[in-house]
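Visitor: Structure in structure tokens, see below.
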Amino acid sequence: MSQPEPATTPLEVEQTGVGSVFVSNYPPFSFWNGDCLPAVDRALDAPGEAAAPFGLYLHIPFCRKRCKFCYFRVYTDKNASDIGRYIDALGREADLYAARPALSDRPLGFVYFGGGTPSYISVKHLERLVGSLRDAFDWNGTLQEFTFECEPGTLTRTRLEAIRRAGVTRLSLGVEHFNDEVLRENGRAHLSAEIHEVMPWIRELEFPVLNVDLIAGMVGDNEASWRDTVEKTIDLDPDCVTIYQMELPYNAVYSAGVLAGELDRPLADWPTKRSWHRWAVERLEQAGYEVSSAYTMVKKGAGVRFVYRDALWHGADLVGLGVSSFSHLGGMHYQNSSDWNEYVGGLAAGRLPLARAYPTTPRERLVREMILQLKLGRLGAGYFAEKFGVAILDEFAEPLARLERQGMLRLRDDGVELTRAGLLQVDFLLPTFYDEPFVGGRYT
Ligand SMILES: C[S@@+](CC[C@H](N)C(=O)[O-])C[C@H]1O[C@@H](n2cnc3c(N)ncnc32)[C@H](O)[C@@H]1O
């Protein structure tokens, strides 16, 4: 099923307006609802497919400060005893899941601690949490990757040792930028000196993969300062560099200022962010990295994998623990409550704190995987024919031909390949593939 040509093509959007551009799922969250929750219970009670990839996402919603561009559920006012109660709730949630037929005896392939700031929690809390996860799920011999997001200023040598001891294989460092004025302006809790301070410890502890997050187009940034940030990132010699183009979702601090016309600092428009992103990709290529997705550059030939991303983008079962976490299990989408009391209170009372759900159709799962895999820069027609029985080059011939005419992709006999221009604005292209009811849906 194809869609009519939109009145304005996404490619014409220039100003950084308020709203989410980043596509993380399909159908969009605004279509999920409380009425569908009974179907989650049914999915959890159905025996799981033992061979299907399965992982956990844990949302650790604590930060030293809220970044002014941040749109995630985070708290900056919780004390150690609140955090202790949250850790206990996560442990109970893991136990409740491990007891359900869909997940009992499922080998755990990957774990992702995201936030918020996982590195904000104490060693004692981290050890308690990882202990409860290991009690609930056996991952000996099956876990391929354990990712842990860190804010540089929260790391000490002792804390990094505990993170490594816990089994973390992929450390993800939220550097974002190296210019202190830009970091301060955007409300980051750390400055550049703290990045340099933690690097020797990270190296000594030999994490198998070090990723560095950067954002192109932070408020107050300019071309020279962005280029300097890319150079300093290369000097750090990470295995993987993730580059996001800054967006201003509705619940970010900056967004209110932009809507009121009160932001008086430079804010790069989309063509500028794309050109800075392109420069970074080309500079990283010169420095020995290669493109692994629209956002990620990895060291060439070093076998750097990102198991969580690839599993998620190929329809794996992923159970999200924590306040506001998203899950996808046996074709069901669902999300936990975003309210602290409902989350912690629900688990204290022995129930999963679910808020909304959406049972996907096979067609929706096909479109979901297509748009997520397009972020890798290519689609294999054979994969979709085998998994969904659909010839995507025929089924989506019209939108694909339109994007080819716009110079965003090349059609091949065996699939689709995005051009670099397409890859640098992939999130603007993806709604082209949405079925009619979901066009204009919101990611909130
Ligand atoms: C969930 S955040 C956690 C960051 C972590 N708390 C830290 O301080 O490093 C993960 C990443 O999302 C990216 N990010 C967050 N908000 C963003 C926005 N508005 N636009 C683009 N990227 C964003 C940042 O690169 C960030 O490192």
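Residue numbering restarts at 1 for every chain of the structure tokens, chains are lettered A, B, ... in their displayed order, and ligands are numbered from 1 as they appear.
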Enumerate the residues of segment 247-431 of chain A with a DSSP assignment of strand (DSSP E), computed from the backbone, and present them as an MDAnalysis selection string.

Guide: chainID A and resid 289:291 296:299 317:321 326:329 332:336 354:359 378:380 409:412 415:418

Visitor: Could the residues in this selection be saved with N, CA and C atoms as an mmCIF file, in the first residue's frame?

Guide:
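Just written: out_16.cif:
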data_model
loop_
_atom_site.group_PDB
_atom_site.id
_atom_site.type_symbol
_atom_site.label_atom_id
_atom_site.label_comp_id
_atom_site.auth_asym_id
_atom_site.auth_seq_id
_atom_site.Cartn_x
_atom_site.Cartn_y
_atom_site.Cartn_z
ATOM 1 N N TYR A 289 37.637 5.144 10.511
ATOM 2 C CA TYR A 289 36.310 4.643 10.907
ATOM 3 C C TYR A 289 35.472 4.396 9.659
ATOM 4 N N GLU A 290 34.395 3.617 9.830
ATOM 5 C CA GLU A 290 33.461 3.408 8.719
ATOM 6 C C GLU A 290 32.027 3.544 9.228
ATOM 7 N N VAL A 291 31.119 3.805 8.275
ATOM 8 C CA VAL A 291 29.718 4.003 8.634
ATOM 9 C C VAL A 291 29.100 2.668 9.031
ATOM 10 N N THR A 296 26.051 6.047 13.600
ATOM 11 C CA THR A 296 27.189 5.390 14.233
ATOM 12 C C THR A 296 28.350 5.144 13.280
ATOM 13 N N MET A 297 29.549 5.521 13.730
ATOM 14 C CA MET A 297 30.784 5.229 13.017
ATOM 15 C C MET A 297 31.586 4.253 13.877
ATOM 16 N N VAL A 298 32.121 3.214 13.254
ATOM 17 C CA VAL A 298 32.923 2.261 14.033
ATOM 18 C C VAL A 298 34.309 2.132 13.418
ATOM 19 N N LYS A 299 35.271 1.731 14.247
ATOM 20 C CA LYS A 299 36.634 1.519 13.754
ATOM 21 C C LYS A 299 36.612 0.440 12.693
ATOM 22 N N ASP A 317 12.713 -9.709 20.747
ATOM 23 C CA ASP A 317 11.948 -9.452 21.967
ATOM 24 C C ASP A 317 12.825 -8.636 22.907
ATOM 25 N N LEU A 318 12.304 -7.506 23.331
ATOM 26 C CA LEU A 318 13.059 -6.631 24.225
ATOM 27 C C LEU A 318 12.124 -6.225 25.350
ATOM 28 N N VAL A 319 12.482 -6.571 26.578
ATOM 29 C CA VAL A 319 11.637 -6.205 27.715
ATOM 30 C C VAL A 319 12.276 -5.014 28.417
ATOM 31 N N GLY A 320 11.503 -3.942 28.557
ATOM 32 C CA GLY A 320 11.990 -2.717 29.180
ATOM 33 C C GLY A 320 11.577 -2.679 30.637
ATOM 34 N N LEU A 321 12.568 -2.593 31.535
ATOM 35 C CA LEU A 321 12.284 -2.471 32.961
ATOM 36 C C LEU A 321 12.513 -1.020 33.361
ATOM 37 N N PHE A 326 9.931 1.085 27.373
ATOM 38 C CA PHE A 326 9.182 0.471 26.269
ATOM 39 C C PHE A 326 9.598 -0.987 26.092
ATOM 40 N N SER A 327 8.627 -1.808 25.704
ATOM 41 C CA SER A 327 8.919 -3.216 25.424
ATOM 42 C C SER A 327 8.320 -3.613 24.083
ATOM 43 N N HIS A 328 8.889 -4.681 23.528
ATOM 44 C CA HIS A 328 8.316 -5.300 22.327
ATOM 45 C C HIS A 328 8.462 -6.800 22.524
ATOM 46 N N LEU A 329 7.327 -7.484 22.659
ATOM 47 C CA LEU A 329 7.389 -8.910 22.996
ATOM 48 C C LEU A 329 6.329 -9.673 22.219
ATOM 49 N N MET A 332 3.820 -7.638 20.497
ATOM 50 C CA MET A 332 3.105 -6.607 21.281
ATOM 51 C C MET A 332 4.051 -5.467 21.588
ATOM 52 N N HIS A 333 3.588 -4.239 21.362
ATOM 53 C CA HIS A 333 4.305 -3.075 21.884
ATOM 54 C C HIS A 333 3.666 -2.717 23.212
ATOM 55 N N TYR A 334 4.432 -2.333 24.204
ATOM 56 C CA TYR A 334 3.816 -1.759 25.403
ATOM 57 C C TYR A 334 4.817 -0.911 26.179
ATOM 58 N N GLN A 335 4.265 -0.093 27.084
ATOM 59 C CA GLN A 335 5.106 0.850 27.835
ATOM 60 C C GLN A 335 4.692 0.878 29.298
ATOM 61 N N ASN A 336 5.684 1.010 30.170
ATOM 62 C CA ASN A 336 5.412 1.176 31.608
ATOM 63 C C ASN A 336 4.899 2.573 31.906
ATOM 64 N N LEU A 354 2.057 -1.347 33.969
ATOM 65 C CA LEU A 354 1.904 -1.060 32.541
ATOM 66 C C LEU A 354 0.946 0.104 32.299
ATOM 67 N N ALA A 355 1.218 0.892 31.254
ATOM 68 C CA ALA A 355 0.387 2.077 30.988
ATOM 69 C C ALA A 355 -0.358 1.996 29.663
ATOM 70 N N ARG A 356 0.305 1.542 28.616
ATOM 71 C CA ARG A 356 -0.360 1.513 27.309
ATOM 72 C C ARG A 356 0.292 0.458 26.424
ATOM 73 N N ALA A 357 -0.458 0.011 25.425
ATOM 74 C CA ALA A 357 0.042 -1.086 24.589
ATOM 75 C C ALA A 357 -0.517 -0.956 23.178
ATOM 76 N N TYR A 358 0.069 -1.751 22.288
ATOM 77 C CA TYR A 358 -0.414 -1.777 20.910
ATOM 78 C C TYR A 358 -0.052 -3.129 20.310
ATOM 79 N N PRO A 359 -1.044 -3.981 19.975
ATOM 80 C CA PRO A 359 -0.722 -5.258 19.334
ATOM 81 C C PRO A 359 -0.485 -5.022 17.849
ATOM 82 N N ARG A 378 20.703 0.476 4.398
ATOM 83 C CA ARG A 378 20.367 -0.485 3.339
ATOM 84 C C ARG A 378 19.274 -1.428 3.794
ATOM 85 N N LEU A 379 18.535 -1.967 2.809
ATOM 86 C CA LEU A 379 17.527 -3.002 3.075
ATOM 87 C C LEU A 379 17.828 -4.171 2.159
ATOM 88 N N GLY A 380 17.729 -5.368 2.693
ATOM 89 C CA GLY A 380 17.907 -6.563 1.856
ATOM 90 C C GLY A 380 16.537 -7.123 1.507
ATOM 91 N N LEU A 409 18.092 7.586 -2.307
ATOM 92 C CA LEU A 409 18.472 6.170 -2.285
ATOM 93 C C LEU A 409 18.698 5.654 -3.703
ATOM 94 N N ARG A 410 19.308 4.474 -3.765
ATOM 95 C CA ARG A 410 19.495 3.769 -5.034
ATOM 96 C C ARG A 410 18.810 2.423 -4.931
ATOM 97 N N LEU A 411 18.067 2.082 -5.986
ATOM 98 C CA LEU A 411 17.404 0.775 -6.007
ATOM 99 C C LEU A 411 18.349 -0.238 -6.628
ATOM 100 N N ARG A 412 18.446 -1.396 -5.995
ATOM 101 C CA ARG A 412 19.278 -2.481 -6.520
ATOM 102 C C ARG A 412 18.375 -3.684 -6.752
ATOM 103 N N GLY A 415 17.779 -5.118 -3.253
ATOM 104 C CA GLY A 415 17.379 -4.276 -2.120
ATOM 105 C C GLY A 415 17.539 -2.795 -2.402
ATOM 106 N N VAL A 416 17.822 -2.071 -1.352
ATOM 107 C CA VAL A 416 17.847 -0.612 -1.405
ATOM 108 C C VAL A 416 19.096 -0.149 -0.687
ATOM 109 N N GLU A 417 19.726 0.911 -1.222
ATOM 110 C CA GLU A 417 20.876 1.485 -0.529
ATOM 111 C C GLU A 417 20.670 2.984 -0.422
ATOM 112 N N LEU A 418 20.753 3.530 0.773
ATOM 113 C CA LEU A 418 20.602 4.984 0.913
ATOM 114 C C LEU A 418 21.861 5.673 0.401
#

Visitor: So that I can check the surroundings of Ser255 of chain A, please list as a PyMOL selection string every protein, DNA and RNA residue that reaches within 8 Å of it, counting only C-alpha atoms and ignoring chain neighbours fewer than 6 positions away.

Guide: chain A and resi 18+69+248-249

Visitor: What does the list of residues within 8 Å of ligand 1 look like if you count only C-alpha atoms and all ligand atoms, written as a PyMOL selection string?

Guide: chain A and resi 63+67+69-72+114-118+149-152+172-176+188-189+213-216+242-249+252

Visitor: I need the residues from that last selection saved to file as an mmCIF file, in the first residue's frame (with C-alpha atoms), if you can.

Guide:
data_model
loop_
_atom_site.group_PDB
_atom_site.id
_atom_site.type_symbol
_atom_site.label_atom_id
_atom_site.label_comp_id
_atom_site.auth_asym_id
_atom_site.auth_seq_id
_atom_site.Cartn_x
_atom_site.Cartn_y
_atom_site.Cartn_z
ATOM 1 C CA CYS A 63 20.807 12.588 36.643
ATOM 2 C CA CYS A 67 20.181 18.794 30.055
ATOM 3 C CA PHE A 69 17.633 19.429 25.292
ATOM 4 C CA CYS A 70 16.697 16.231 27.152
ATOM 5 C CA TYR A 71 13.335 14.577 26.546
ATOM 6 C CA PHE A 72 13.693 11.430 28.638
ATOM 7 C CA GLY A 114 20.093 3.564 29.607
ATOM 8 C CA GLY A 115 18.809 6.729 31.121
ATOM 9 C CA GLY A 116 18.969 9.135 32.583
ATOM 10 C CA THR A 117 22.375 8.238 33.868
ATOM 11 C CA PRO A 118 23.103 4.644 34.880
ATOM 12 C CA GLU A 149 25.476 4.736 29.546
ATOM 13 C CA CYS A 150 27.684 7.102 31.540
ATOM 14 C CA GLU A 151 27.921 10.817 32.177
ATOM 15 C CA PRO A 152 31.667 11.553 32.484
ATOM 16 C CA SER A 172 28.855 4.503 26.310
ATOM 17 C CA LEU A 173 30.174 7.905 27.286
ATOM 18 C CA GLY A 174 27.923 10.957 26.904
ATOM 19 C CA VAL A 175 30.576 13.428 25.772
ATOM 20 C CA GLU A 176 28.227 15.434 23.484
ATOM 21 C CA ARG A 188 25.341 19.438 30.800
ATOM 22 C CA ALA A 189 26.534 18.421 34.264
ATOM 23 C CA ASP A 213 28.013 10.144 22.005
ATOM 24 C CA LEU A 214 28.173 13.532 20.271
ATOM 25 C CA ILE A 215 25.390 15.945 19.317
ATOM 26 C CA ALA A 216 25.708 18.126 16.204
ATOM 27 C CA THR A 242 27.535 8.021 17.765
ATOM 28 C CA ILE A 243 26.460 11.351 16.293
ATOM 29 C CA TYR A 244 22.948 12.699 16.825
ATOM 30 C CA GLN A 245 21.559 15.832 15.201
ATOM 31 C CA MET A 246 20.047 17.891 17.966
ATOM 32 C CA GLU A 247 16.282 17.983 18.125
ATOM 33 C CA LEU A 248 13.934 19.838 20.452
ATOM 34 C CA PRO A 249 11.092 17.566 21.529
ATOM 35 C CA ALA A 252 12.781 19.713 26.544
#

Visitor: Would you compute the distance between atom CA of Glu395 of chain A and atom CA of Ile371 of chain A? Give it in Å to one decimal.

Guide: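 Distance between the two atoms: 14.2 Å.
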
Visitor: Which residues of segment 4-61 of chain A come within 10 Å of segment 104-110 of chain A, and for each one, what is the closest pair of atoms and their distance in Å to one decimal, counting only C-alpha atoms, sorted by chain and residue number, as a Markdown table?

Guide:
| residue | atom | partner | partner_atom | distance |
| --- | --- | --- | --- | --- |
| A:Leu44 | CA | A:Ser104 | CA | 9.9 |
| A:Pro47 | CA | A:Ser104 | CA | 8.5 |
| A:Gly48 | CA | A:Arg106 | CA | 7.4 |
| A:Glu49 | CA | A:Arg106 | CA | 8.1 |
| A:Ala50 | CA | A:Arg106 | CA | 5.6 |
| A:Ala51 | CA | A:Arg106 | CA | 8.0 |
| A:Ala52 | CA | A:Arg106 | CA | 8.6 |
| A:Pro53 | CA | A:Gly109 | CA | 6.4 |
| A:Phe54 | CA | A:Leu108 | CA | 5.6 |
| A:Gly55 | CA | A:Phe110 | CA | 4.6 |
| A:Leu56 | CA | A:Phe110 | CA | 6.5 |
| A:Tyr57 | CA | A:Phe110 | CA | 8.6 |

Visitor: Considering only C-alpha atoms, give me a table of residues in segment 304-411 of chain A that are at most 12 Å from segment 124-143 of chain A, with the closest atom pair and distance in Å for each, as CSV.

Guide:
residue,atom,partner,partner_atom,distance
A:Val307,CA,A:Leu143,CA,10.1
A:Tyr308,CA,A:Leu143,CA,11.0
A:Leu321,CA,A:Leu133,CA,10.7
A:Gly322,CA,A:Leu129,CA,11.9

Visitor: For the residues in the current selection, export N, CA and C atoms as a compact mmCIF listing (two decimals), in the first residue's frame.

Guide:
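Saved to part_29.txt:
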# COMPACT_ATOMS: atom_id res chain seq x y z
N VAL A 307 25.09 -5.17 19.37
CA VAL A 307 24.09 -6.25 19.39
C VAL A 307 22.70 -5.71 19.69
N TYR A 308 22.61 -4.81 20.68
CA TYR A 308 21.31 -4.26 21.09
C TYR A 308 20.61 -3.61 19.89
N LEU A 321 12.57 -2.59 31.53
CA LEU A 321 12.28 -2.47 32.96
C LEU A 321 12.51 -1.02 33.36
N GLY A 322 11.69 -0.51 34.30
CA GLY A 322 11.90 0.85 34.80
C GLY A 322 10.78 1.77 34.38

Visitor: Please identify which residues in segment 18-183 of chain A DSSP calls alpha helix (DSSP H) from the backbone, and express them as number ranges by chain.

Guide: A: 37-45, 80-98, 123-136, 157-165, 180-183

Visitor: Which is closest to Arg368 of chain A among A:Tyr434, A:Trp32, A:Trp340, A:Phe428, if we use only C-alpha atoms?

Guide: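 Looking only at the distances to Arg368 of chain A, the closest residue turns out to be A:Tyr434.
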
Visitor: Rank A:Ala166, A:Leu58, A:Ala43, A:Thr432 by their smallest atom-to-atom distance to Glu398 of chain A, using only C-alpha atoms, and report the top residue only.

Guide: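 Nearest to Glu398 of chain A: A:Thr432.
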
Visitor: Let me make sure I understand: among A:Asn79, A:Ser338, A:Thr444, A:Thr156, which one has the smallest atom-to-atom distance to Pro200 of chain A if we use only C-alpha atoms?

Guide: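 Ranking A:Asn79, A:Ser338, A:Thr444, A:Thr156 by distance to Pro200 of chain A, first place goes to A:Thr156.
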
Visitor: Excluding same-chain residues fewer than 4 positions from Leu424 of chain A, what lies within 12 Å of it counting only C-alpha atoms, as a compact mmCIF listing (two decimals) with N, CA and C atoms, in the first residue's frame?

Guide:
# COMPACT_ATOMS: atom_id res chain seq x y z
N LEU A 11 11.88 16.84 2.95
CA LEU A 11 13.19 17.40 2.64
C LEU A 11 13.19 18.93 2.70
N PHE A 22 13.30 12.22 15.36
CA PHE A 22 13.89 10.89 15.52
C PHE A 22 12.78 9.83 15.59
N ALA A 216 25.43 17.04 17.14
CA ALA A 216 25.71 18.13 16.20
C ALA A 216 24.58 19.14 16.32
N ILE A 243 26.73 9.92 16.51
CA ILE A 243 26.46 11.35 16.29
C ILE A 243 24.96 11.56 16.09
N TYR A 244 24.36 12.33 16.98
CA TYR A 244 22.95 12.70 16.83
C TYR A 244 22.88 14.13 16.32
N GLN A 245 21.82 14.43 15.56
CA GLN A 245 21.56 15.83 15.20
C GLN A 245 20.56 16.34 16.23
N TRP A 270 18.43 22.58 10.19
CA TRP A 270 18.68 21.19 9.78
C TRP A 270 19.75 21.08 8.70
N PRO A 271 19.75 21.93 7.63
CA PRO A 271 20.83 21.79 6.64
C PRO A 271 22.21 21.98 7.27
N THR A 272 22.31 22.90 8.24
CA THR A 272 23.61 23.12 8.89
C THR A 272 24.01 21.89 9.71
N LYS A 273 23.06 21.33 10.46
CA LYS A 273 23.38 20.14 11.27
C LYS A 273 23.81 18.99 10.37
N ARG A 274 23.11 18.87 9.22
CA ARG A 274 23.48 17.79 8.30
C ARG A 274 24.89 18.01 7.75
N SER A 275 25.21 19.29 7.45
CA SER A 275 26.54 19.52 6.86
C SER A 275 27.62 19.27 7.92
N TRP A 276 27.35 19.61 9.17
CA TRP A 276 28.34 19.32 10.23
C TRP A 276 28.46 17.81 10.44
N HIS A 277 27.32 17.13 10.40
CA HIS A 277 27.33 15.68 10.56
C HIS A 277 28.13 15.04 9.41
N ARG A 278 27.88 15.53 8.18
CA ARG A 278 28.60 14.99 7.02
C ARG A 278 30.11 15.19 7.17
N TRP A 279 30.48 16.39 7.62
CA TRP A 279 31.91 16.67 7.80
C TRP A 279 32.51 15.68 8.81
N ALA A 280 31.78 15.44 9.89
CA ALA A 280 32.27 14.52 10.93
C ALA A 280 32.44 13.11 10.35
N VAL A 281 31.46 12.66 9.55
CA VAL A 281 31.53 11.32 8.97
C VAL A 281 32.77 11.22 8.07
N VAL A 291 31.12 3.81 8.27
CA VAL A 291 29.72 4.00 8.63
C VAL A 291 29.10 2.67 9.03
N SER A 293 25.84 2.93 10.80
CA SER A 293 24.41 3.29 10.67
C SER A 293 24.36 4.80 10.47
N ALA A 294 23.15 5.34 10.36
CA ALA A 294 23.00 6.78 10.15
C ALA A 294 23.68 7.57 11.27
N TYR A 295 23.76 6.99 12.45
CA TYR A 295 24.29 7.74 13.59
C TYR A 295 25.66 7.25 14.04
N THR A 296 26.05 6.05 13.60
CA THR A 296 27.19 5.39 14.23
C THR A 296 28.35 5.14 13.28
N LEU A 374 16.31 0.81 7.63
CA LEU A 374 16.79 1.87 6.71
C LEU A 374 17.84 2.73 7.39
N LYS A 375 17.78 2.81 8.73
CA LYS A 375 18.78 3.60 9.47
C LYS A 375 20.17 2.98 9.35
N LEU A 376 20.22 1.71 8.93
CA LEU A 376 21.54 1.08 8.69
C LEU A 376 22.09 1.50 7.33
N GLY A 377 21.21 2.11 6.49
CA GLY A 377 21.66 2.57 5.18
C GLY A 377 21.33 1.60 4.06
N MET A 408 17.79 10.30 -2.66
CA MET A 408 17.95 9.80 -1.29
C MET A 408 18.38 8.34 -1.23
N LEU A 409 18.09 7.59 -2.31
CA LEU A 409 18.47 6.17 -2.29
C LEU A 409 18.70 5.65 -3.70
N LEU A 418 20.75 3.53 0.77
CA LEU A 418 20.60 4.98 0.91
C LEU A 418 21.86 5.67 0.40
N THR A 419 21.68 6.84 -0.21
CA THR A 419 22.84 7.66 -0.54
C THR A 419 23.29 8.34 0.75
N ARG A 420 24.42 8.99 0.73
CA ARG A 420 24.86 9.67 1.95
C ARG A 420 23.87 10.77 2.32
N PHE A 428 13.79 11.97 8.48
CA PHE A 428 12.79 12.74 7.73
C PHE A 428 12.13 11.88 6.64
N LEU A 429 12.87 10.86 6.17
CA LEU A 429 12.36 10.05 5.05
C LEU A 429 11.40 8.95 5.51

Visitor: Between A:Phe148, A:Phe433, A:Tyr254, A:Tyr75, which one has atoms that come closest to Leu403 of chain A, using only C-alpha atoms?

Guide: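 Ranking A:Phe148, A:Phe433, A:Tyr254, A:Tyr75 by distance to Leu403 of chain A, first place goes to A:Phe433.
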
Visitor: Could you jot down the atom CA of Ala98 of chain A to atom CA of Gly315 of chain A separation for me, Å, one decimal place?

Guide: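 So the two atoms, atom CA of Ala98 of chain A and atom CA of Gly315 of chain A, lie 20.3 Å apart.
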
Visitor: Distance atom CA of Val168 of chain A-atom CA of Ser337 of chain A, one decimal place?

Guide: 27.3 Å
